[in-house]
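Novice: Here it is, the structure in full.
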Protein chains: 2
Amino acid sequence: MFSNATDLAGLIDHTCLSPATTGEDIRRACDEARRFRFASVCVPPCYVGEASVRLQGSAVAVCTVIGFPLGFQSLSVKIHEAREAIRCGADELDLMIHLGAIKMGKAGAVRTEVIKIRKAASGALLKVILETGYLTQKEKISACRWCREAGAIWVKTSTGFGPKGAAVSDVRLLKTAIGNGGFVKAAGGIRNLKSVEAMVRAGASRIGTSRGVEIMREYIRGRDRS
Amino acid sequence: MFSNATDLAGLIDHTCLSPATTGEDIRRACDEARRFRFASVCVPPCYVGEASVRLQGSAVAVCTVIGFPLGFQSLSVKIHEAREAIRCGADELDLMIHLGAIKMGKAGAVRTEVIKIRKAASGALLKVILETGYLTQKEKISACRWCREAGAIWVKTSTGFGPKGAAVSDVRLLKTAIGNGGFVKAAGGIRNLKSVEAMVRAGASRIGTSRGVEIMREYIRGRDRS
C-alpha cells in the first residue's frame, strides 16, 4: 500500500496529548518525528514553543490543538489560543468545533467560528475536529458543509478523548461530505498498521496516533520479511 | 446525615459539561438548580452569560471551568478564559491545573498558575482540579501544598473526563493535605445518594454531579418513607 517508509511516515501526526505530558515526553516525540520523518508532532498548546525550537531545520511540522477536546470555550478564548499557538511557532491547528452549535443547527455560528480561527491562524493548516461520536449522520454531513463554506478543507474524525475513535465508515462519510479538494484526518484509537491502511483506503490523508513509532517498526519488519 | 433537602442541595454543583450541551440543556439545568436550590450550576464557558441571566435573582451561583479538562493550555489562554468567564457573570471557577508541571515537580509554575488565575478571577471562588487519576500519592500531596501556598483553599478531585472519578480515599487525602480552612470538591462518577454521603463523610464540602435531580429525588423518597 505504501511505496516506502517515508510515504507512510508522511501521513502520520505523531501525537502526544496526554494531560500529564512533560517536557521530556515532548523532546522525545520531536526526536522520533525527525528520525522517522513524520508529517508533524501534535503537542499540547503549552509545549508549542519547545517543540518548534527542537524541530528547527527539519521538515516536521508542529501541530497543536485549539479548544481541545470539548470545544465549548468562548470563541474569543479559542481565537486567543490560536493566535498564541501561531506566535509560538505552530504550523498546523486542530480545532475542536463547538458541538452544541452543530446540535442546535446554528450554521452561522459554526461558519463564524471557522472563519475567525482561519483568520487568527493565517498561513497555518487548519483541521476541524467533528468528534463524530457525538453526532448523527445528518449532523456530520451538515458540519462538513458548513466547514467547507467557511473555507476549511480539512476535517478530523475525533479527539481520542470522546466516546468513539476513528471509524472507517466515518472517514468514508466525511471524505464524501467535505467534497472535491477536501481532506480527512482520522484520529482516535488507531494503534497498528492494519488500522492505518483501513483508514487510508477509506479516504484518510492524515493519521493522528500516539503509536507512530510502533507502526513504523511494524511496517519495516513486514517489508524486511517480504 | 442531612438535616433537610436544602442542606443536601447546598452541597451540589449541578453539572452540565457534555461537549454536546445546547442552550436548551443549560436553561433546563438553571431552572432545576433554582427549584432545588443547588449551590451552583456548572456550565461550559460559552454558556456562562446565558446561565447568569437565567439565574438572576436566585441564590444559585454560576460556576464554569477553565483549561478544562486537560489543563495543558498556555497560561495566557487560561488567564484570558478566566477573565472572560468573570466578565460574563461567573461566580465560581474550576481550574484544571497543568498536570505536566506537577509531574515535573515545578512548584513555581504551579503556584504561578494559581496566583495568576486568582488575580484574573478576583472575587470568584476558585477550585483547583488535580485530576487525581494521573497523580501519585506524593504528587497529590505536593500539589495541594503548592495550591495552598498560592492562596487556593479549594481543591477538586477530578474532571469526570479523566481515567478515574472521585474516590473516597482521595477525598480523605486531599482534605488532610489542603489543611486547616481548606475544602475539597468531589466530582466524577458520583451518581447516587449513597455515593454523596460517602464523599461528605470523607471530608468533601461540595459535590460535582450531573445527577443532582435524581439524587434529590432519592433523598426526598427516603425521607418521605421514614
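The chains in the C-alpha cells are called A, B, ... from first to last as shown; in each chain the residues are counted from 1, and the ligands are counted from 1 in the order shown.
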Check every residue of chain B for an atom within 9 Å of chain A, counting only C-alpha atoms, and provide those that qualify as a short mmCIF file (atom, residue, chain, number, x, y, z; two decimals) with all heavy atoms, in the first residue's frame.
Specialist:
```cif
data_model
loop_
_atom_site.label_atom_id
_atom_site.label_comp_id
_atom_site.auth_asym_id
_atom_site.auth_seq_id
_atom_site.Cartn_x
_atom_site.Cartn_y
_atom_site.Cartn_z
N LEU B 17 -21.65 19.48 31.64
CA LEU B 17 -20.41 19.73 30.91
C LEU B 17 -20.19 18.81 29.71
O LEU B 17 -19.06 18.66 29.24
CB LEU B 17 -19.21 19.66 31.86
CG LEU B 17 -19.10 20.78 32.90
CD1 LEU B 17 -17.97 20.50 33.88
CD2 LEU B 17 -18.89 22.13 32.24
N SER B 18 -21.26 18.22 29.19
CA SER B 18 -21.07 17.45 27.96
C SER B 18 -20.71 18.42 26.83
O SER B 18 -21.25 19.53 26.76
CB SER B 18 -22.36 16.70 27.59
OG SER B 18 -22.33 16.38 26.20
N PRO B 19 -19.81 18.02 25.93
CA PRO B 19 -19.45 18.91 24.82
C PRO B 19 -20.60 19.15 23.85
O PRO B 19 -20.56 20.08 23.07
CB PRO B 19 -18.30 18.18 24.14
CG PRO B 19 -18.41 16.76 24.57
CD PRO B 19 -19.03 16.77 25.93
N ALA B 20 -21.64 18.32 23.93
CA ALA B 20 -22.78 18.49 23.02
C ALA B 20 -23.91 19.27 23.68
O ALA B 20 -25.02 19.37 23.14
CB ALA B 20 -23.26 17.13 22.54
N THR B 21 -23.66 19.85 24.85
CA THR B 21 -24.66 20.63 25.59
C THR B 21 -25.22 21.76 24.72
O THR B 21 -24.45 22.48 24.07
CB THR B 21 -24.01 21.24 26.85
OG1 THR B 21 -23.55 20.17 27.68
CG2 THR B 21 -24.98 22.10 27.64
N THR B 22 -26.53 21.92 24.74
CA THR B 22 -27.16 23.00 23.97
C THR B 22 -27.71 24.08 24.92
O THR B 22 -27.76 23.87 26.14
CB THR B 22 -28.34 22.45 23.15
OG1 THR B 22 -29.34 21.96 24.08
CG2 THR B 22 -27.92 21.33 22.22
N GLY B 23 -28.14 25.18 24.34
CA GLY B 23 -28.74 26.25 25.13
C GLY B 23 -29.95 25.75 25.91
O GLY B 23 -30.16 26.15 27.07
N PRO B 44 -20.44 24.98 30.66
CA PRO B 44 -19.33 25.31 29.77
C PRO B 44 -19.12 26.82 29.69
O PRO B 44 -20.11 27.58 29.78
CB PRO B 44 -19.79 24.77 28.41
CG PRO B 44 -20.76 23.68 28.73
CD PRO B 44 -21.48 24.17 29.96
N PRO B 45 -17.88 27.26 29.49
CA PRO B 45 -17.59 28.69 29.43
C PRO B 45 -18.48 29.45 28.45
O PRO B 45 -18.91 30.58 28.74
CB PRO B 45 -16.13 28.74 28.96
CG PRO B 45 -15.55 27.43 29.37
CD PRO B 45 -16.65 26.43 29.37
N CYS B 46 -18.81 28.84 27.31
CA CYS B 46 -19.58 29.58 26.30
C CYS B 46 -21.02 29.84 26.73
O CYS B 46 -21.73 30.58 26.06
CB CYS B 46 -19.53 28.86 24.95
SG CYS B 46 -20.40 27.30 24.93
N TYR B 47 -21.47 29.21 27.82
CA TYR B 47 -22.85 29.41 28.28
C TYR B 47 -22.95 30.22 29.58
O TYR B 47 -24.03 30.31 30.17
CB TYR B 47 -23.54 28.06 28.47
CG TYR B 47 -23.81 27.30 27.19
CD1 TYR B 47 -23.20 26.07 26.96
CD2 TYR B 47 -24.69 27.80 26.24
CE1 TYR B 47 -23.44 25.35 25.79
CE2 TYR B 47 -24.95 27.09 25.07
CZ TYR B 47 -24.32 25.87 24.85
OH TYR B 47 -24.58 25.16 23.69
N ILE B 66 -12.11 26.19 33.64
CA ILE B 66 -11.01 26.87 32.96
C ILE B 66 -9.94 25.83 32.59
O ILE B 66 -9.56 25.01 33.42
CB ILE B 66 -10.39 27.95 33.89
CG1 ILE B 66 -11.46 28.94 34.39
CG2 ILE B 66 -9.22 28.67 33.21
CD1 ILE B 66 -12.15 29.72 33.30
N GLY B 67 -9.49 25.85 31.34
CA GLY B 67 -8.45 24.90 30.90
C GLY B 67 -8.94 23.47 31.00
O GLY B 67 -8.16 22.55 31.24
N PHE B 68 -10.20 23.29 30.76
CA PHE B 68 -10.87 22.02 31.06
C PHE B 68 -10.99 21.14 29.81
O PHE B 68 -11.30 21.67 28.75
CB PHE B 68 -12.27 22.36 31.58
CG PHE B 68 -13.02 21.22 32.19
CD1 PHE B 68 -12.84 20.86 33.51
CD2 PHE B 68 -13.94 20.50 31.43
CE1 PHE B 68 -13.56 19.81 34.08
CE2 PHE B 68 -14.66 19.45 32.00
CZ PHE B 68 -14.47 19.11 33.33
N PRO B 69 -10.81 19.84 29.93
CA PRO B 69 -10.45 19.06 31.11
C PRO B 69 -8.99 18.61 31.11
O PRO B 69 -8.63 17.78 31.91
CB PRO B 69 -11.36 17.82 30.95
CG PRO B 69 -11.36 17.59 29.46
CD PRO B 69 -11.24 18.97 28.82
N LEU B 70 -8.14 19.15 30.23
CA LEU B 70 -6.77 18.63 30.16
C LEU B 70 -5.73 19.53 30.81
O LEU B 70 -4.66 19.06 31.19
CB LEU B 70 -6.39 18.30 28.69
CG LEU B 70 -7.33 17.29 28.00
CD1 LEU B 70 -6.90 17.04 26.56
CD2 LEU B 70 -7.37 15.96 28.75
N GLY B 71 -6.01 20.82 30.90
CA GLY B 71 -5.13 21.71 31.67
C GLY B 71 -3.83 22.11 31.01
O GLY B 71 -3.00 22.76 31.63
N PHE B 72 -3.65 21.73 29.73
CA PHE B 72 -2.34 21.95 29.11
C PHE B 72 -2.29 23.15 28.16
O PHE B 72 -1.40 23.26 27.32
CB PHE B 72 -1.81 20.69 28.47
CG PHE B 72 -2.66 20.04 27.39
CD1 PHE B 72 -3.53 20.79 26.61
CD2 PHE B 72 -2.55 18.68 27.15
CE1 PHE B 72 -4.27 20.19 25.60
CE2 PHE B 72 -3.30 18.06 26.14
CZ PHE B 72 -4.16 18.83 25.37
N GLN B 73 -3.23 24.07 28.32
CA GLN B 73 -3.20 25.31 27.55
C GLN B 73 -2.06 26.20 28.04
O GLN B 73 -1.58 26.04 29.16
CB GLN B 73 -4.54 26.07 27.71
CG GLN B 73 -5.75 25.37 27.14
CD GLN B 73 -6.28 24.27 28.04
OE1 GLN B 73 -5.74 24.02 29.11
NE2 GLN B 73 -7.34 23.60 27.63
N SER B 74 -1.71 27.20 27.23
CA SER B 74 -0.78 28.22 27.69
C SER B 74 -1.43 28.98 28.85
O SER B 74 -2.65 29.17 28.86
CB SER B 74 -0.47 29.22 26.58
OG SER B 74 0.10 28.56 25.50
N LEU B 75 -0.61 29.45 29.77
CA LEU B 75 -1.16 30.17 30.92
C LEU B 75 -1.91 31.42 30.46
O LEU B 75 -2.97 31.76 31.01
CB LEU B 75 -0.04 30.52 31.91
CG LEU B 75 -0.49 31.24 33.18
CD1 LEU B 75 -1.64 30.53 33.88
CD2 LEU B 75 0.68 31.41 34.15
N SER B 76 -1.41 32.09 29.43
CA SER B 76 -2.08 33.32 28.98
C SER B 76 -3.50 33.02 28.47
O SER B 76 -4.41 33.85 28.59
CB SER B 76 -1.25 34.03 27.90
OG SER B 76 -1.56 33.55 26.62
N VAL B 77 -3.68 31.84 27.89
CA VAL B 77 -5.01 31.45 27.42
C VAL B 77 -5.94 31.18 28.61
O VAL B 77 -7.11 31.59 28.61
CB VAL B 77 -4.92 30.21 26.49
CG1 VAL B 77 -6.29 29.63 26.19
CG2 VAL B 77 -4.20 30.60 25.20
N LYS B 78 -5.41 30.53 29.63
CA LYS B 78 -6.23 30.27 30.82
C LYS B 78 -6.61 31.59 31.52
O LYS B 78 -7.73 31.74 32.01
CB LYS B 78 -5.46 29.38 31.80
CG LYS B 78 -5.35 27.93 31.34
CD LYS B 78 -4.47 27.15 32.32
CE LYS B 78 -4.68 25.65 32.21
NZ LYS B 78 -3.83 24.91 33.18
N HIS B 80 -6.95 34.52 30.06
CA HIS B 80 -7.98 35.13 29.21
C HIS B 80 -9.33 34.45 29.44
O HIS B 80 -10.37 35.11 29.54
CB HIS B 80 -7.55 34.99 27.74
CG HIS B 80 -8.46 35.63 26.76
ND1 HIS B 80 -8.36 36.94 26.39
CD2 HIS B 80 -9.52 35.14 26.08
CE1 HIS B 80 -9.31 37.23 25.52
NE2 HIS B 80 -10.03 36.14 25.31
N GLU B 81 -9.31 33.13 29.55
CA GLU B 81 -10.55 32.38 29.75
C GLU B 81 -11.18 32.73 31.10
O GLU B 81 -12.41 32.87 31.20
CB GLU B 81 -10.25 30.87 29.67
CG GLU B 81 -11.49 30.02 29.61
CD GLU B 81 -11.20 28.56 29.22
OE1 GLU B 81 -10.14 28.02 29.62
OE2 GLU B 81 -12.03 27.96 28.52
N GLU B 84 -12.67 36.30 30.90
CA GLU B 84 -13.87 36.27 30.07
C GLU B 84 -15.04 35.67 30.87
O GLU B 84 -16.17 36.17 30.79
CB GLU B 84 -13.55 35.39 28.84
CG GLU B 84 -14.60 35.34 27.78
CD GLU B 84 -14.74 36.63 27.00
OE1 GLU B 84 -13.89 37.52 27.14
OE2 GLU B 84 -15.75 36.73 26.27
N ALA B 85 -14.77 34.62 31.64
CA ALA B 85 -15.82 33.98 32.44
C ALA B 85 -16.37 34.95 33.48
O ALA B 85 -17.59 35.06 33.66
CB ALA B 85 -15.28 32.72 33.12
N HIS B 98 -2.10 22.60 35.27
CA HIS B 98 -1.23 21.89 34.33
C HIS B 98 -0.56 20.70 35.02
O HIS B 98 0.33 20.87 35.85
CB HIS B 98 -0.18 22.86 33.77
CG HIS B 98 0.74 22.20 32.79
ND1 HIS B 98 2.04 22.56 32.62
CD2 HIS B 98 0.53 21.17 31.93
CE1 HIS B 98 2.60 21.79 31.70
NE2 HIS B 98 1.69 20.94 31.27
N LEU B 99 -1.02 19.51 34.68
CA LEU B 99 -0.51 18.29 35.33
C LEU B 99 0.96 18.04 35.01
O LEU B 99 1.69 17.49 35.83
CB LEU B 99 -1.33 17.07 34.90
CG LEU B 99 -2.76 17.01 35.42
CD1 LEU B 99 -3.48 15.81 34.82
CD2 LEU B 99 -2.77 16.92 36.95
N GLY B 100 1.39 18.41 33.80
CA GLY B 100 2.79 18.23 33.43
C GLY B 100 3.71 18.94 34.42
O GLY B 100 4.74 18.41 34.81
N ALA B 101 3.29 20.14 34.86
CA ALA B 101 4.10 20.89 35.83
C ALA B 101 4.19 20.13 37.15
O ALA B 101 5.25 20.09 37.78
CB ALA B 101 3.49 22.28 36.04
N ILE B 102 3.08 19.53 37.57
CA ILE B 102 3.11 18.73 38.81
C ILE B 102 4.06 17.54 38.62
O ILE B 102 4.92 17.27 39.45
CB ILE B 102 1.70 18.24 39.20
CG1 ILE B 102 0.80 19.45 39.51
CG2 ILE B 102 1.77 17.27 40.37
CD1 ILE B 102 -0.65 19.10 39.80
N LYS B 103 3.92 16.84 37.48
CA LYS B 103 4.77 15.66 37.20
C LYS B 103 6.25 16.04 37.18
O LYS B 103 7.10 15.25 37.59
CB LYS B 103 4.40 15.08 35.82
CG LYS B 103 3.05 14.38 35.78
CD LYS B 103 3.22 12.95 36.24
CE LYS B 103 1.90 12.27 36.51
NZ LYS B 103 2.02 11.14 37.44
N MET B 104 6.57 17.24 36.66
CA MET B 104 7.97 17.66 36.58
C MET B 104 8.45 18.29 37.89
O MET B 104 9.59 18.72 37.98
CB MET B 104 8.14 18.65 35.41
CG MET B 104 7.90 18.02 34.03
SD MET B 104 8.21 19.18 32.65
CE MET B 104 6.65 20.03 32.51
N TYR B 134 -4.30 10.78 37.43
CA TYR B 134 -2.98 10.83 36.78
C TYR B 134 -1.84 10.98 37.78
O TYR B 134 -0.68 11.00 37.37
CB TYR B 134 -2.93 12.02 35.82
CG TYR B 134 -3.69 11.82 34.53
CD1 TYR B 134 -4.87 12.50 34.27
CD2 TYR B 134 -3.22 10.93 33.56
CE1 TYR B 134 -5.57 12.32 33.09
CE2 TYR B 134 -3.92 10.75 32.37
CZ TYR B 134 -5.08 11.43 32.14
OH TYR B 134 -5.78 11.25 30.97
N LEU B 135 -2.15 11.13 39.08
CA LEU B 135 -1.11 11.51 40.05
C LEU B 135 -0.80 10.40 41.05
O LEU B 135 -1.68 9.62 41.41
CB LEU B 135 -1.53 12.77 40.80
CG LEU B 135 -1.81 14.03 39.96
CD1 LEU B 135 -2.27 15.18 40.86
CD2 LEU B 135 -0.59 14.44 39.14
N PHE B 161 -13.75 13.48 33.14
CA PHE B 161 -13.31 13.07 31.80
C PHE B 161 -11.98 12.31 31.86
O PHE B 161 -11.44 11.92 30.83
CB PHE B 161 -13.16 14.28 30.89
CG PHE B 161 -14.47 14.93 30.52
CD1 PHE B 161 -15.03 15.90 31.33
CD2 PHE B 161 -15.16 14.53 29.38
CE1 PHE B 161 -16.25 16.49 31.01
CE2 PHE B 161 -16.38 15.11 29.05
CZ PHE B 161 -16.92 16.09 29.87
N GLY B 162 -11.43 12.14 33.04
CA GLY B 162 -10.13 11.51 33.20
C GLY B 162 -10.23 10.01 33.41
O GLY B 162 -11.30 9.41 33.23
#
```
Novice: Tell me, which residues of range 8-202 of chain A carry DSSP strand (DSSP E), written as JSON, numbers by chain?
Specialist: {"A": [12, 13, 14, 15, 40, 41, 42, 43, 61, 62, 63, 64, 65, 66, 92, 93, 94, 95, 96, 125, 126, 127, 128, 129, 154, 155, 156, 183, 184, 185, 186, 187]}
Novice: Got a sec: who's within 9 Å of Asp94 in chain A, counting only C-alpha atoms, leaving out chain neighbours fewer than 6 positions off, as a compact mmCIF listing (two decimals) with N, CA and C atoms, in the first residue's frame?
Specialist:
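Now in selection19.txt:
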```
# COMPACT_ATOMS: atom_id res chain seq x y z
N CYS A 42 2.06 16.39 17.16
CA CYS A 42 0.86 17.08 17.64
C CYS A 42 0.97 17.17 19.15
N CYS A 63 2.15 20.75 15.15
CA CYS A 63 0.70 20.83 15.17
C CYS A 63 0.25 20.96 16.62
N THR A 64 -0.80 21.75 16.88
CA THR A 64 -1.36 21.77 18.23
C THR A 64 -2.89 21.80 18.16
N VAL A 65 -3.50 21.83 19.31
CA VAL A 65 -4.95 21.70 19.38
C VAL A 65 -5.58 22.94 20.00
N ILE A 66 -6.73 23.31 19.50
CA ILE A 66 -7.44 24.52 19.95
C ILE A 66 -8.82 24.12 20.48
N GLY A 67 -9.15 24.60 21.67
CA GLY A 67 -10.47 24.30 22.26
C GLY A 67 -10.63 22.81 22.53
N PHE A 68 -9.55 22.18 22.85
CA PHE A 68 -9.46 20.73 22.88
C PHE A 68 -9.62 20.21 24.30
N LEU A 125 -2.10 25.40 8.57
CA LEU A 125 -3.08 24.42 8.10
C LEU A 125 -4.09 24.17 9.22
N LEU A 126 -5.37 24.32 8.90
CA LEU A 126 -6.42 24.15 9.91
C LEU A 126 -7.22 22.89 9.64
N LYS A 127 -7.33 22.04 10.68
CA LYS A 127 -8.20 20.85 10.58
C LYS A 127 -9.31 21.01 11.62
N VAL A 128 -10.53 20.81 11.18
CA VAL A 128 -11.66 20.99 12.10
C VAL A 128 -12.10 19.62 12.62
N ILE A 129 -12.04 19.47 13.94
CA ILE A 129 -12.43 18.19 14.55
C ILE A 129 -13.94 18.18 14.77
N VAL A 155 -11.14 18.11 7.61
CA VAL A 155 -11.91 17.75 8.81
C VAL A 155 -11.25 16.53 9.45
N LYS A 156 -11.49 16.39 10.75
CA LYS A 156 -10.85 15.32 11.53
C LYS A 156 -11.93 14.58 12.29
```
Novice: Suppose you want the space between CA of Ala124 in chain A and CA of Ala90 in chain A; what is it in Å?
Specialist: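 Computing it gives 7.4 Å between the two atoms.
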Novice: Write out as a ChimeraX atom specification the residues lying within 7 Å of range 6-16 of chain B, counting only C-alpha atoms and excluding same-chain residues fewer than 2 positions away.
Specialist: /B:2-4,18,33,36-43,205-210,212
Novice: To test your reading of the structure, identify every residue in range 31-156 of chain B that backbone DSSP assigns to alpha helix (DSSP H), and report it as a VMD selection string.
Specialist: chain B and resid 31 to 36 48 to 54 75 to 88 99 to 103 107 to 120 137 to 149
Novice: When distances are computed from only C-alpha atoms, which of A:Ala107, A:Ala198, A:Leu93, A:Cys144 shows the smallest separation from Gly123 in chain A?
Specialist: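 Under the stated criterion, the closest residue is A:Leu93.
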Novice: Might you pull out every residue within 12 Å of Glu149 in chain A, with only C-alpha atoms counted and same-chain residues fewer than 4 positions away left off, and present them as a ChimeraX atom specification?
Specialist: /A:107-108,110-115,142-145,153,177-179,182
Novice: Any idea what's packed within 9 Å of Ile141 in chain A, counting only C-alpha atoms, ignoring anything in its chain fewer than 5 positions away? Could you give it as a list of chain:residue names?
Specialist: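 The filter keeps A:Thr136, A:Trp146, A:Leu173, A:Leu174, A:Thr176, A:Ala177, A:Ile178.
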Novice: Set the distance at 7 Å and use only C-alpha atoms: which residues neighbour Thr157 in chain B once local chain neighbours fewer than 3 positions away are removed? I'd like the list as a list in words.
Specialist: Ile129, Leu130, Glu131, Thr132, Ala166, Val171, Lys185, Ala186 and Ala187 of chain B
Novice: Suppose you want the space between CA of Arg211 in chain A and CA of Arg54 in chain A; what is it in Å?
Specialist: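 Computed distance, CA of Arg211 in chain A to CA of Arg54 in chain A, equals 20.3 Å.
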